[in-house]
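The file final18.txt contains compact mmCIF, C-alpha atoms and all ligand atoms:
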```txt
# COMPACT_ATOMS: atom_id res chain seq x y z
CA MET A 1 15.74 13.47 4.25
CA ARG A 2 15.49 13.97 8.00
CA THR A 3 14.26 11.25 10.34
CA ARG A 4 13.93 10.75 14.08
CA ALA A 5 16.21 8.15 15.60
CA ALA A 6 17.59 6.96 18.93
CA VAL A 7 21.36 7.35 18.61
CA ALA A 8 23.93 5.49 20.72
CA PHE A 9 26.65 8.13 20.83
CA GLU A 10 28.81 6.35 23.44
CA ALA A 11 29.00 2.89 24.99
CA GLY A 12 27.18 2.63 28.30
CA LYS A 13 25.26 5.90 27.84
CA PRO A 14 21.49 6.22 27.30
CA LEU A 15 20.35 6.54 23.71
CA VAL A 16 19.66 10.09 22.50
CA VAL A 17 16.44 10.62 20.55
CA THR A 18 17.11 13.23 17.90
CA GLU A 19 16.71 14.13 14.24
CA VAL A 20 19.34 12.75 11.88
CA GLU A 21 20.03 13.05 8.16
CA LEU A 22 19.38 9.98 6.02
CA GLU A 23 20.64 9.71 2.46
CA GLY A 24 18.36 7.94 -0.04
CA PRO A 25 18.92 4.37 -1.27
CA LYS A 26 21.79 3.71 -3.67
CA ALA A 27 21.83 0.88 -6.22
CA GLY A 28 20.65 -2.39 -4.67
CA GLU A 29 19.26 -0.63 -1.56
CA VAL A 30 15.82 0.20 -0.24
CA LEU A 31 14.46 2.98 1.97
CA VAL A 32 12.08 1.60 4.59
CA GLU A 33 9.75 3.41 6.98
CA ILE A 34 10.04 1.42 10.19
CA LYS A 35 6.62 1.15 11.83
CA ALA A 36 7.65 -0.82 14.94
CA THR A 37 10.77 -2.32 16.50
CA GLY A 38 11.42 -4.66 19.39
CA LEU A 39 14.21 -4.20 21.94
CA CYS A 40 16.36 -7.35 21.99
CA HIS A 41 18.98 -8.08 24.64
CA THR A 42 21.58 -7.95 21.85
CA ASP A 43 20.84 -4.22 21.41
CA GLU A 44 21.56 -3.77 25.11
CA PHE A 45 24.69 -5.95 24.81
CA THR A 46 26.05 -3.54 22.18
CA ARG A 47 24.81 -0.35 23.88
CA SER A 48 26.51 -1.42 27.12
CA GLY A 49 29.92 -1.77 25.48
CA ALA A 50 30.11 -5.59 25.92
CA ASP A 51 30.07 -6.26 22.14
CA PRO A 52 33.58 -6.66 20.71
CA GLU A 53 32.15 -5.51 17.37
CA GLY A 54 30.32 -2.54 18.89
CA MET A 55 31.13 0.86 17.36
CA PHE A 56 29.78 4.32 18.11
CA PRO A 57 28.01 6.55 17.28
CA ALA A 58 25.50 4.11 15.85
CA ILE A 59 21.77 3.64 15.41
CA LEU A 60 20.98 0.30 17.05
CA GLY A 61 17.87 -1.89 16.64
CA HIS A 62 17.49 -5.02 14.51
CA GLU A 63 13.97 -6.33 15.23
CA GLY A 64 11.72 -4.21 13.03
CA ALA A 65 8.91 -4.19 10.53
CA GLY A 66 7.89 -1.50 8.08
CA VAL A 67 7.02 -0.36 4.57
CA VAL A 68 9.27 0.16 1.54
CA VAL A 69 9.19 3.85 0.56
CA GLU A 70 11.73 4.00 -2.26
CA VAL A 71 14.05 1.59 -4.05
CA GLY A 72 17.48 2.20 -5.58
CA ALA A 73 18.60 1.28 -9.07
CA GLY A 74 18.38 -2.38 -9.97
CA VAL A 75 16.13 -3.43 -7.08
CA LYS A 76 13.70 -6.06 -8.36
CA SER A 77 12.40 -8.12 -5.43
CA VAL A 78 10.52 -5.34 -3.59
CA LYS A 79 8.72 -2.14 -4.56
CA PRO A 80 7.35 0.93 -2.74
CA GLY A 81 4.39 -0.03 -0.56
CA ASP A 82 5.61 -3.57 0.17
CA HIS A 83 5.60 -4.60 3.82
CA VAL A 84 8.97 -5.92 4.96
CA ILE A 85 10.98 -7.20 7.90
CA PRO A 86 14.67 -6.15 7.96
CA LEU A 87 17.15 -9.03 8.13
CA TYR A 88 20.39 -8.89 10.09
CA THR A 89 21.15 -12.24 8.48
CA PRO A 90 20.57 -11.45 4.81
CA GLU A 91 19.93 -14.01 2.08
CA CYS A 92 21.64 -13.26 -1.23
CA ARG A 93 20.95 -16.77 -2.61
CA GLU A 94 24.26 -16.65 -4.49
CA CYS A 95 27.20 -16.79 -2.06
CA GLU A 96 29.02 -19.97 -1.04
CA TYR A 97 27.14 -19.93 2.27
CA CYS A 98 23.67 -19.45 0.76
CA LEU A 99 24.40 -22.30 -1.64
CA ASN A 100 25.36 -24.63 1.24
CA PRO A 101 22.28 -26.16 2.89
CA LYS A 102 24.21 -26.53 6.17
CA THR A 103 24.13 -22.82 7.05
CA ASN A 104 21.98 -19.68 6.98
CA LEU A 105 24.96 -17.36 7.47
CA CYS A 106 24.95 -15.46 4.15
CA GLN A 107 28.30 -13.69 3.95
CA ALA A 108 27.60 -11.45 0.95
CA ILE A 109 27.73 -8.23 3.01
CA ARG A 110 28.95 -9.47 6.44
CA ALA A 111 32.26 -7.55 6.36
CA THR A 112 30.77 -4.09 5.80
CA GLN A 113 27.76 -4.88 8.02
CA GLY A 114 30.14 -5.61 10.90
CA GLN A 115 31.79 -2.22 10.34
CA GLY A 116 28.43 -0.44 10.56
CA LEU A 117 28.47 0.40 6.86
CA MET A 118 26.41 -0.29 3.76
CA PRO A 119 27.90 -2.68 1.19
CA ASP A 120 29.62 0.20 -0.68
CA GLY A 121 31.58 1.01 2.50
CA THR A 122 29.71 4.20 3.44
CA SER A 123 26.96 5.15 5.89
CA ARG A 124 23.62 6.67 4.92
CA PHE A 125 23.18 8.30 8.37
CA ARG A 126 24.68 11.61 9.53
CA THR A 127 24.11 13.99 12.40
CA LEU A 128 22.58 17.36 11.52
CA ASP A 129 26.18 18.67 11.79
CA GLY A 130 27.24 16.27 9.04
CA ASP A 131 29.18 13.73 11.12
CA PRO A 132 28.67 10.09 10.10
CA ILE A 133 26.60 7.76 12.27
CA LEU A 134 27.06 4.01 11.83
CA HIS A 135 24.42 1.44 10.90
CA TYR A 136 23.94 -1.57 13.22
CA MET A 137 23.57 -5.22 12.18
CA GLY A 138 22.63 -3.85 8.77
CA CYS A 139 19.23 -2.78 10.16
CA SER A 140 19.21 0.30 12.48
CA THR A 141 15.54 -0.07 13.30
CA PHE A 142 15.76 2.51 16.11
CA SER A 143 15.32 5.04 13.29
CA ASN A 144 11.89 5.85 11.87
CA PHE A 145 13.37 5.55 8.37
CA THR A 146 16.36 3.40 7.45
CA VAL A 147 18.19 2.20 4.36
CA LEU A 148 18.82 -1.53 3.87
CA PRO A 149 20.36 -3.71 1.19
CA GLU A 150 17.70 -5.42 -0.94
CA ILE A 151 19.02 -8.83 0.17
CA ALA A 152 18.36 -7.81 3.79
CA VAL A 153 14.58 -7.41 3.59
CA ALA A 154 11.91 -10.12 3.71
CA LYS A 155 8.63 -9.22 1.99
CA ILE A 156 5.68 -10.15 4.17
CA ARG A 157 1.88 -10.20 3.83
CA GLU A 158 0.14 -6.84 4.26
CA ASP A 159 -2.44 -7.88 6.85
CA ALA A 160 0.19 -8.73 9.48
CA PRO A 161 0.34 -6.16 12.32
CA PHE A 162 3.71 -4.36 12.44
CA ASP A 163 3.68 -4.00 16.23
CA LYS A 164 3.63 -7.80 16.61
CA VAL A 165 5.47 -9.23 13.62
CA CYS A 166 8.48 -6.97 14.18
CA TYR A 167 9.40 -9.59 16.83
CA ILE A 168 9.83 -12.13 14.00
CA GLY A 169 12.78 -9.98 12.90
CA CYS A 170 14.79 -11.57 15.71
CA GLY A 171 13.35 -13.15 18.88
CA VAL A 172 10.58 -15.34 17.50
CA THR A 173 12.59 -16.68 14.57
CA THR A 174 15.69 -17.21 16.72
CA GLY A 175 13.87 -19.21 19.39
CA VAL A 176 11.51 -21.25 17.23
CA GLY A 177 14.19 -21.70 14.56
CA ALA A 178 16.77 -22.96 17.07
CA VAL A 179 14.43 -25.86 17.82
CA ILE A 180 13.29 -26.61 14.26
CA ASN A 181 16.28 -25.69 12.07
CA THR A 182 19.30 -26.05 14.34
CA ALA A 183 18.45 -28.79 16.85
CA LYS A 184 15.92 -30.42 14.51
CA ALA A 185 14.36 -31.66 17.75
CA GLU A 186 12.00 -34.64 17.48
CA PRO A 187 8.55 -35.19 18.99
CA GLY A 188 8.84 -36.87 22.39
CA CYS A 189 12.21 -35.32 23.27
CA ARG A 190 13.19 -33.89 26.65
CA ALA A 191 14.65 -30.39 26.64
CA VAL A 192 16.03 -27.79 29.06
CA VAL A 193 15.86 -24.08 28.26
CA PHE A 194 18.11 -21.70 30.24
CA GLY A 195 16.83 -18.11 30.37
CA LEU A 196 13.10 -17.51 29.96
CA GLY A 197 13.24 -14.07 28.35
CA GLY A 198 12.35 -12.91 24.87
CA ILE A 199 14.34 -15.71 23.23
CA GLY A 200 13.81 -18.52 25.74
CA LEU A 201 10.00 -18.25 25.56
CA ASN A 202 10.20 -18.73 21.82
CA VAL A 203 12.38 -21.82 22.29
CA LEU A 204 9.62 -23.08 24.61
CA GLN A 205 6.92 -22.53 22.01
CA GLY A 206 9.12 -24.15 19.34
CA LEU A 207 9.47 -27.22 21.56
CA ARG A 208 5.73 -27.28 22.19
CA LEU A 209 5.12 -26.99 18.43
CA ILE A 210 7.27 -30.03 17.60
CA GLY A 211 5.71 -32.08 20.41
CA ALA A 212 8.46 -32.31 23.03
CA ASP A 213 7.49 -34.47 26.03
CA GLN A 214 9.35 -32.56 28.74
CA ILE A 215 10.26 -28.86 28.57
CA VAL A 216 12.25 -27.71 31.60
CA GLY A 217 12.74 -23.96 32.04
CA VAL A 218 15.57 -22.55 34.15
CA ASP A 219 15.63 -18.93 35.29
CA LEU A 220 16.88 -16.99 38.32
CA ASN A 221 13.84 -14.72 38.11
CA PRO A 222 10.77 -16.51 39.52
CA ALA A 223 8.51 -13.91 37.87
CA LYS A 224 9.28 -15.57 34.51
CA ARG A 225 7.55 -18.79 35.53
CA GLU A 226 3.95 -17.90 34.75
CA MET A 227 4.58 -16.74 31.19
CA ALA A 228 6.86 -19.73 30.55
CA GLU A 229 4.11 -22.12 31.60
CA ARG A 230 1.81 -20.38 29.15
CA PHE A 231 4.29 -21.19 26.38
CA GLY A 232 4.67 -24.89 27.16
CA MET A 233 7.16 -25.21 30.05
CA THR A 234 6.42 -28.40 31.99
CA ASP A 235 8.94 -27.96 34.86
CA PHE A 236 10.44 -24.80 36.35
CA VAL A 237 13.83 -24.71 38.05
CA ASN A 238 15.21 -21.69 39.89
CA PRO A 239 18.95 -22.39 40.31
CA ALA A 240 18.96 -20.25 43.47
CA GLU A 241 16.63 -22.78 45.10
CA VAL A 242 18.58 -25.91 44.12
CA GLU A 243 20.86 -27.26 46.82
CA GLY A 244 24.19 -28.47 45.44
CA ASP A 245 25.19 -28.75 41.82
CA LEU A 246 22.57 -27.92 39.19
CA VAL A 247 23.89 -30.49 36.67
CA PRO A 248 22.96 -33.69 38.58
CA TYR A 249 19.66 -32.07 39.57
CA LEU A 250 18.74 -31.49 35.92
CA VAL A 251 20.06 -34.88 34.80
CA ASN A 252 17.84 -36.51 37.41
CA LEU A 253 14.84 -34.36 36.47
CA THR A 254 15.21 -35.32 32.79
CA LYS A 255 15.69 -39.02 33.64
CA GLY A 256 19.30 -39.31 32.52
CA GLY A 257 19.91 -35.99 30.81
CA ALA A 258 18.21 -33.83 28.19
CA ASP A 259 18.10 -34.65 24.50
CA TYR A 260 18.43 -30.93 23.79
CA THR A 261 19.39 -27.90 25.86
CA PHE A 262 19.37 -24.25 24.86
CA ASP A 263 21.31 -21.38 26.40
CA CYS A 264 19.32 -18.16 26.13
CA THR A 265 21.30 -16.19 28.74
CA GLY A 266 24.71 -15.36 27.18
CA ASN A 267 26.34 -16.46 30.47
CA VAL A 268 29.29 -18.81 29.86
CA ASN A 269 28.83 -20.63 33.19
CA VAL A 270 25.23 -21.35 32.21
CA MET A 271 26.47 -22.61 28.82
CA ARG A 272 28.66 -25.15 30.63
CA THR A 273 25.75 -26.35 32.77
CA ALA A 274 23.62 -26.57 29.62
CA LEU A 275 26.17 -28.82 27.94
CA GLU A 276 26.78 -31.01 30.96
CA CYS A 277 23.11 -31.73 31.72
CA CYS A 278 22.73 -33.19 28.22
CA HIS A 279 22.20 -36.94 27.91
CA LYS A 280 25.36 -39.02 27.63
CA GLY A 281 25.80 -40.42 24.13
CA TRP A 282 23.55 -38.04 22.19
CA GLY A 283 22.52 -34.84 24.03
CA GLU A 284 23.00 -31.62 22.08
CA SER A 285 23.40 -28.18 23.59
CA ILE A 286 22.57 -25.17 21.43
CA ILE A 287 24.15 -21.83 22.31
CA ILE A 288 21.89 -18.90 21.43
CA GLY A 289 23.07 -16.36 24.03
CA VAL A 290 25.70 -13.83 23.05
CA ALA A 291 28.60 -13.51 25.50
CA PRO A 292 30.59 -10.37 26.33
CA ALA A 293 34.01 -9.57 24.87
CA GLY A 294 36.67 -11.78 26.42
CA ALA A 295 34.28 -14.44 27.74
CA GLU A 296 35.15 -18.06 26.91
CA ILE A 297 33.40 -21.40 27.33
CA SER A 298 35.02 -24.42 28.95
CA THR A 299 34.20 -27.98 29.89
CA ARG A 300 36.05 -31.25 30.33
CA PRO A 301 36.68 -32.69 26.84
CA PHE A 302 35.34 -35.96 28.32
CA GLN A 303 31.87 -34.37 28.10
CA LEU A 304 32.22 -34.36 24.31
CA VAL A 305 34.10 -37.65 24.12
CA THR A 306 31.10 -39.23 25.77
CA GLY A 307 28.73 -38.05 23.09
CA ARG A 308 27.42 -34.65 24.10
CA SER A 309 27.79 -31.93 21.50
CA TRP A 310 27.94 -28.18 21.57
CA ARG A 311 26.42 -26.18 18.75
CA GLY A 312 25.44 -22.58 18.11
CA THR A 313 22.77 -20.80 16.14
CA ALA A 314 22.31 -17.32 14.68
CA PHE A 315 18.80 -16.15 13.76
CA GLY A 316 17.59 -19.67 14.52
CA GLY A 317 19.24 -21.04 11.40
CA ALA A 318 16.59 -19.24 9.33
CA ARG A 319 17.11 -18.02 5.76
CA GLY A 320 15.34 -14.73 6.13
CA ARG A 321 13.83 -13.96 2.74
CA THR A 322 12.54 -17.53 2.45
CA ASP A 323 11.59 -18.40 6.06
CA VAL A 324 10.42 -15.11 7.63
CA PRO A 325 7.28 -14.78 5.44
CA LYS A 326 6.38 -18.36 6.45
CA ILE A 327 6.80 -17.57 10.14
CA VAL A 328 4.55 -14.54 9.67
CA ASP A 329 1.97 -16.95 8.19
CA TRP A 330 2.37 -19.27 11.21
CA TYR A 331 1.57 -16.32 13.46
CA MET A 332 -1.39 -15.17 11.37
CA ASP A 333 -2.73 -18.77 11.28
CA GLY A 334 -2.45 -19.10 15.07
CA LYS A 335 0.28 -21.78 14.98
CA ILE A 336 2.57 -19.65 17.10
CA GLU A 337 1.76 -16.89 19.59
CA ILE A 338 3.37 -13.49 19.87
CA ASP A 339 0.95 -11.05 21.51
CA PRO A 340 1.35 -12.05 25.19
CA MET A 341 5.13 -11.75 24.95
CA ILE A 342 4.91 -8.10 23.95
CA THR A 343 4.53 -6.82 27.47
CA HIS A 344 5.23 -3.13 26.81
CA GLN A 345 4.53 -0.72 23.96
CA LEU A 346 6.58 2.48 23.98
CA THR A 347 7.14 5.61 21.93
CA LEU A 348 10.61 6.28 20.54
CA ASP A 349 11.06 8.95 23.22
CA GLU A 350 10.55 6.24 25.88
CA ILE A 351 13.12 3.83 24.43
CA ASN A 352 15.58 4.09 27.34
CA HIS A 353 12.77 3.08 29.69
CA GLY A 354 12.52 -0.13 27.62
CA PHE A 355 16.13 -0.97 28.51
CA ASP A 356 15.39 -0.23 32.19
CA LEU A 357 12.47 -2.68 32.07
CA MET A 358 14.77 -5.31 30.50
CA HIS A 359 17.33 -4.86 33.31
CA GLU A 360 14.66 -5.00 35.98
CA GLY A 361 13.34 -8.28 34.51
CA LYS A 362 9.89 -6.66 34.17
CA SER A 363 9.45 -7.04 30.41
CA ILE A 364 9.60 -9.86 27.92
CA ARG A 365 9.57 -7.67 24.82
CA SER A 366 9.18 -3.92 24.74
CA VAL A 367 8.17 -2.69 21.30
CA VAL A 368 8.61 0.88 20.10
CA VAL A 369 5.78 1.95 17.79
CA TYR A 370 6.62 4.94 15.59
P1 LIG B 1 16.24 -11.35 28.09
O1 LIG B 1 16.93 -10.33 28.91
O2 LIG B 1 14.84 -11.11 27.66
O3 LIG B 1 16.24 -12.78 28.82
C1 LIG B 1 17.35 -13.32 29.49
C2 LIG B 1 16.80 -14.22 30.58
O4 LIG B 1 17.89 -14.95 31.16
C3 LIG B 1 16.13 -13.46 31.72
O5 LIG B 1 14.86 -14.01 32.00
C4 LIG B 1 17.08 -13.65 32.90
O6 LIG B 1 16.41 -13.66 34.15
C5 LIG B 1 17.70 -15.00 32.56
N1 LIG B 1 18.99 -15.24 33.18
C6 LIG B 1 20.04 -14.40 33.28
N2 LIG B 1 21.06 -15.01 33.92
C7 LIG B 1 20.66 -16.26 34.21
C8 LIG B 1 21.27 -17.36 34.86
N3 LIG B 1 22.52 -17.29 35.33
N4 LIG B 1 20.56 -18.50 34.99
C9 LIG B 1 19.29 -18.58 34.52
N5 LIG B 1 18.66 -17.57 33.90
C10 LIG B 1 19.34 -16.42 33.75
O7 LIG B 1 17.17 -11.55 26.80
P2 LIG B 1 16.75 -12.13 25.36
O8 LIG B 1 16.33 -11.01 24.49
O9 LIG B 1 15.88 -13.29 25.58
O10 LIG B 1 18.19 -12.61 24.83
C11 LIG B 1 18.81 -13.73 25.43
C12 LIG B 1 20.19 -13.93 24.86
O11 LIG B 1 20.11 -14.33 23.48
C13 LIG B 1 21.05 -12.66 24.85
O12 LIG B 1 22.39 -13.03 25.12
C14 LIG B 1 20.92 -12.17 23.41
O13 LIG B 1 21.99 -11.34 23.06
C15 LIG B 1 20.94 -13.49 22.69
N6 LIG B 1 20.37 -13.52 21.33
C16 LIG B 1 21.01 -14.31 20.41
C17 LIG B 1 20.49 -14.46 19.14
C18 LIG B 1 21.15 -15.33 18.14
O14 LIG B 1 20.82 -15.26 16.94
N7 LIG B 1 22.08 -16.19 18.53
C19 LIG B 1 19.32 -13.76 18.79
C20 LIG B 1 18.69 -12.98 19.76
C21 LIG B 1 19.22 -12.86 21.03
N1 LIG B 2 29.12 -9.02 17.63
C1 LIG B 2 29.14 -10.08 18.61
C2 LIG B 2 28.30 -11.26 18.23
C3 LIG B 2 26.85 -10.92 18.12
C4 LIG B 2 26.11 -12.11 17.55
O1 LIG B 2 26.52 -13.27 17.71
N2 LIG B 2 25.02 -11.83 16.90
C5 LIG B 2 24.15 -12.87 16.39
C6 LIG B 2 22.79 -12.30 16.33
S1 LIG B 2 22.18 -11.78 17.90
C7 LIG B 2 20.67 -11.15 17.50
O2 LIG B 2 20.06 -10.70 18.61
C8 LIG B 2 24.55 -13.25 14.96
O3 LIG B 2 23.78 -13.18 14.03
N3 LIG B 2 25.76 -13.71 14.82
C9 LIG B 2 26.32 -14.08 13.55
C10 LIG B 2 27.06 -12.93 12.95
O4 LIG B 2 27.56 -13.06 11.83
O5 LIG B 2 27.15 -11.87 13.60
C11 LIG B 2 30.56 -10.54 18.88
O6 LIG B 2 30.73 -11.29 19.85
O7 LIG B 2 31.48 -10.11 18.16
ZN ZN B 3 18.12 -9.90 18.60
```
Structure translated into C-alpha cells:
Amino acid sequence: MRTRAAVAFEAGKPLVVTEVELEGPKAGEVLVEIKATGLCHTDEFTRSGADPEGMFPAILGHEGAGVVVEVGAGVKSVKPGDHVIPLYTPECRECEYCLNPKTNLCQAIRATQGQGLMPDGTSRFRTLDGDPILHYMGCSTFSNFTVLPEIAVAKIREDAPFDKVCYIGCGVTTGVGAVINTAKAEPGCRAVVFGLGGIGLNVLQGLRLIGADQIVGVDLNPAKREMAERFGMTDFVNPAEVEGDLVPYLVNLTKGGADYTFDCTGNVNVMRTALECCHKGWGESIIIGVAPAGAEISTRPFQLVTGRSWRGTAFGGARGRTDVPKIVDWYMDGKIEIDPMITHQLTLDEINHGFDLMHEGKSIRSVVVY
C-alpha cells in the first residue's frame, strides 16, 4: 500500500513529507493506522545526527497511538479494530530479560530494531522508486500507517483519545515510570528534576502522585516555570540566576541533599550536578536524558563511595504490554494529567515546525494528528 510519511533522508536536514510504499505485515507483525504521534526530543536527537545508532533514510517517531488494520500469520494478542500504542521497548514475556523482574529491557528484537529493520532483517518501507527506508525504534510513527511486531504493541481501551494517549507511548510513561518503577520513590521524599520539558513535567507529576514533600525543578528557560508549578513543582531554580556552584545551592535548598534526582536534559554536565546534589549516604540520581555520541559522564568516585548512586531508566522501567494499558486507565480516571502538556497540535505537513517549537522552548509536546 501507499502511505504518507515524514522521511528523514539525511542527518540534520528537515523531514520530507511524501508518499512511501509500505509492505503488509508478515508473520508475527501487525499493520497499524497511526492516528496521532508526539514529537519527543529523542526524535530530534536522531534527526540531528547526534544519535550514534542513527541511520538514514528512516521514518522517525516513537510516541504514537492508532488502530490495528491487519495482522500477519500467527498473531493472537491483537485483531483488526483494536486500539494500540506502539512500544519501542517491546515485551515478549519469554526472553531472559522479560523473565527477570529487575529490568523492562526486552531484548527479543533489540538487534534488528537498532538496525532499523523488522525482526526478519528487512524493512517494510520503500520510496516510490523502490529504495529501502529504515524503521526507527521499531515504531516509525511519523508514518500514517506502519508495521510493528506483535510484541511491540500495547492494546488499550477504545474510549481513550488518540491525540492525548499517544504521549503515553513515551513521555508520560518515561517520566511517571522513572519515579514509580526505577527510583521507587517514597512519600515524603525530596527530589530535584533537571529539565522541565516533556519528560521532566511527567517526573514532576509522578513525584506528586507518590506524595513527595519537596519537588525542586531546574531549568534554564524561565518560561517553563508556570507549567511545572501546575504539575507539582514546589521550588524553581534557574541555574543562570544562581551565584556560584549549583551543587551546594541545591544541597542547601533540599536540607542536606535530595533523596532522588532526575536528569531530563541529556546534558552530561547536568548529570554530574544531579548526582552530586544527592544526599550523602543514600541519594539516588536517575539518568533519563539521552546524550550525544561521544559524550561521557564523570564525577569523583568519592561521590559514590559516600553513598550516592547513579542509575538510568529507559521507558520509565515500564513493561509496555502490561503497564501501558494501566497508565491509559490512570489518565482516563483523572489520576494523571496529559492535556495541558500538549501545547501544539499539528498536521503531518507541519511536522518540521514542531521541531522548531521544541528548539525555541515554546512547546512541551507537539502532537501530529493524521
Ligand atoms: P524537551 O526539549 O522537551 O525538554 C528539555 C528541557 O531541558 C527543556 O525545558 C530545556 O530548557 C531544559 N534544559 C536544557 N539544558 C538544560 C540545562 N543545562 N539545565 C537545565 N535545564 C536544561 O525534551 P524532552 O522530550 O523532555 O526529553 C528530555 C530528554 O529525555 C532528552 O534527552 C530525551 O532524548 C530523553 N528521553 C529519554 C527517555 C528514556 O527512556 N530514557 C525517554 C524520552 C526522552
Ligand atoms: N541510540 C542511542 C540511545 C537512545 C536511547 O537511550 N533510547 C532510550 C529511549 S529514548 C525515548 O525517547 C532507550 O530505550 N534506550 C534503551 C535501548 O535499548 O535503546 C545511543 O546512544 O546509542
Ligand atoms: Zn521519546
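Using all atoms listed in the file, the shortest contact distance between ligand LIG 1 (chain B) and any of A:Thr3, A:Gln303, A:Thr182, A:Ser77 is found at A:Thr182.
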Nearest to Val67 in chain A, restricted to all atoms listed in the file and choosing among A:Glu19, A:Asp339, A:Glu350, A:Glu33, comes out as A:Glu33
Contact residues around His62 in chain A with only C-alpha atoms at 8 Å, ignoring same-chain residues under 2 positions, as a PyMOL selection string
chain A and resi 37-38+40+43+60+64+86-88+136-142+169-170
Between CA of Ile59 in chain A and CA of Ile133 in chain A lies a distance of 7.1 Å
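Across the model, the gap from atom O2 of ligand LIG 1 (chain B) to CA of Thr234 in chain A is 19.7 Å.
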Checklist line | Expected selection as a PyMOL selection string for ligand LIG 1 (chain B) within 6 Å, all atoms listed in the file | finding: chain A and resi 40-42+170-171+174+194-200+218-221+264-266+270+288-290+313-316+358+364
Prev. selection, C-alpha atoms, output as a PDB file, keeping the file's coordinate frame:
```pdb
ATOM      1  CA  CYS A  40      16.360  -7.350  21.990  1.00  0.00           C
ATOM      2  CA  HIS A  41      18.980  -8.080  24.640  1.00  0.00           C
ATOM      3  CA  THR A  42      21.580  -7.950  21.850  1.00  0.00           C
ATOM      4  CA  CYS A 170      14.790 -11.570  15.710  1.00  0.00           C
ATOM      5  CA  GLY A 171      13.350 -13.150  18.880  1.00  0.00           C
ATOM      6  CA  THR A 174      15.690 -17.210  16.720  1.00  0.00           C
ATOM      7  CA  PHE A 194      18.110 -21.700  30.240  1.00  0.00           C
ATOM      8  CA  GLY A 195      16.830 -18.110  30.370  1.00  0.00           C
ATOM      9  CA  LEU A 196      13.100 -17.510  29.960  1.00  0.00           C
ATOM     10  CA  GLY A 197      13.240 -14.070  28.350  1.00  0.00           C
ATOM     11  CA  GLY A 198      12.350 -12.910  24.870  1.00  0.00           C
ATOM     12  CA  ILE A 199      14.340 -15.710  23.230  1.00  0.00           C
ATOM     13  CA  GLY A 200      13.810 -18.520  25.740  1.00  0.00           C
ATOM     14  CA  VAL A 218      15.570 -22.550  34.150  1.00  0.00           C
ATOM     15  CA  ASP A 219      15.630 -18.930  35.290  1.00  0.00           C
ATOM     16  CA  LEU A 220      16.880 -16.990  38.320  1.00  0.00           C
ATOM     17  CA  ASN A 221      13.840 -14.720  38.110  1.00  0.00           C
ATOM     18  CA  CYS A 264      19.320 -18.160  26.130  1.00  0.00           C
ATOM     19  CA  THR A 265      21.300 -16.190  28.740  1.00  0.00           C
ATOM     20  CA  GLY A 266      24.710 -15.360  27.180  1.00  0.00           C
ATOM     21  CA  VAL A 270      25.230 -21.350  32.210  1.00  0.00           C
ATOM     22  CA  ILE A 288      21.890 -18.900  21.430  1.00  0.00           C
ATOM     23  CA  GLY A 289      23.070 -16.360  24.030  1.00  0.00           C
ATOM     24  CA  VAL A 290      25.700 -13.830  23.050  1.00  0.00           C
ATOM     25  CA  THR A 313      22.770 -20.800  16.140  1.00  0.00           C
ATOM     26  CA  ALA A 314      22.310 -17.320  14.680  1.00  0.00           C
ATOM     27  CA  PHE A 315      18.800 -16.150  13.760  1.00  0.00           C
ATOM     28  CA  GLY A 316      17.590 -19.670  14.520  1.00  0.00           C
ATOM     29  CA  MET A 358      14.770  -5.310  30.500  1.00  0.00           C
ATOM     30  CA  ILE A 364       9.600  -9.860  27.920  1.00  0.00           C
TER      31      ILE A 364
END
```
In terms of all atoms listed in the file, the residue from A:Ile286, A:Ile34, A:Thr343, A:Val328 at minimal distance from Asp159 in chain A is A:Val328
Taking (9.6, 1.2, 15.3) in the coordinates of the supplied file, I want to know which residues reach to within 6 Å of it, counting all atoms listed in the file; could you give the answer as a PyMOL selection string? chain A and resi 34-37+368-370
| said: So that I can see what lies close to Asp213 in chain A, please list as a ChimeraX atom specification the residues with an atom at most 6 Å from it, counting only C-alpha atoms and leaving out residues fewer than 3 positions away in the same chain. | reply: /A:188-190
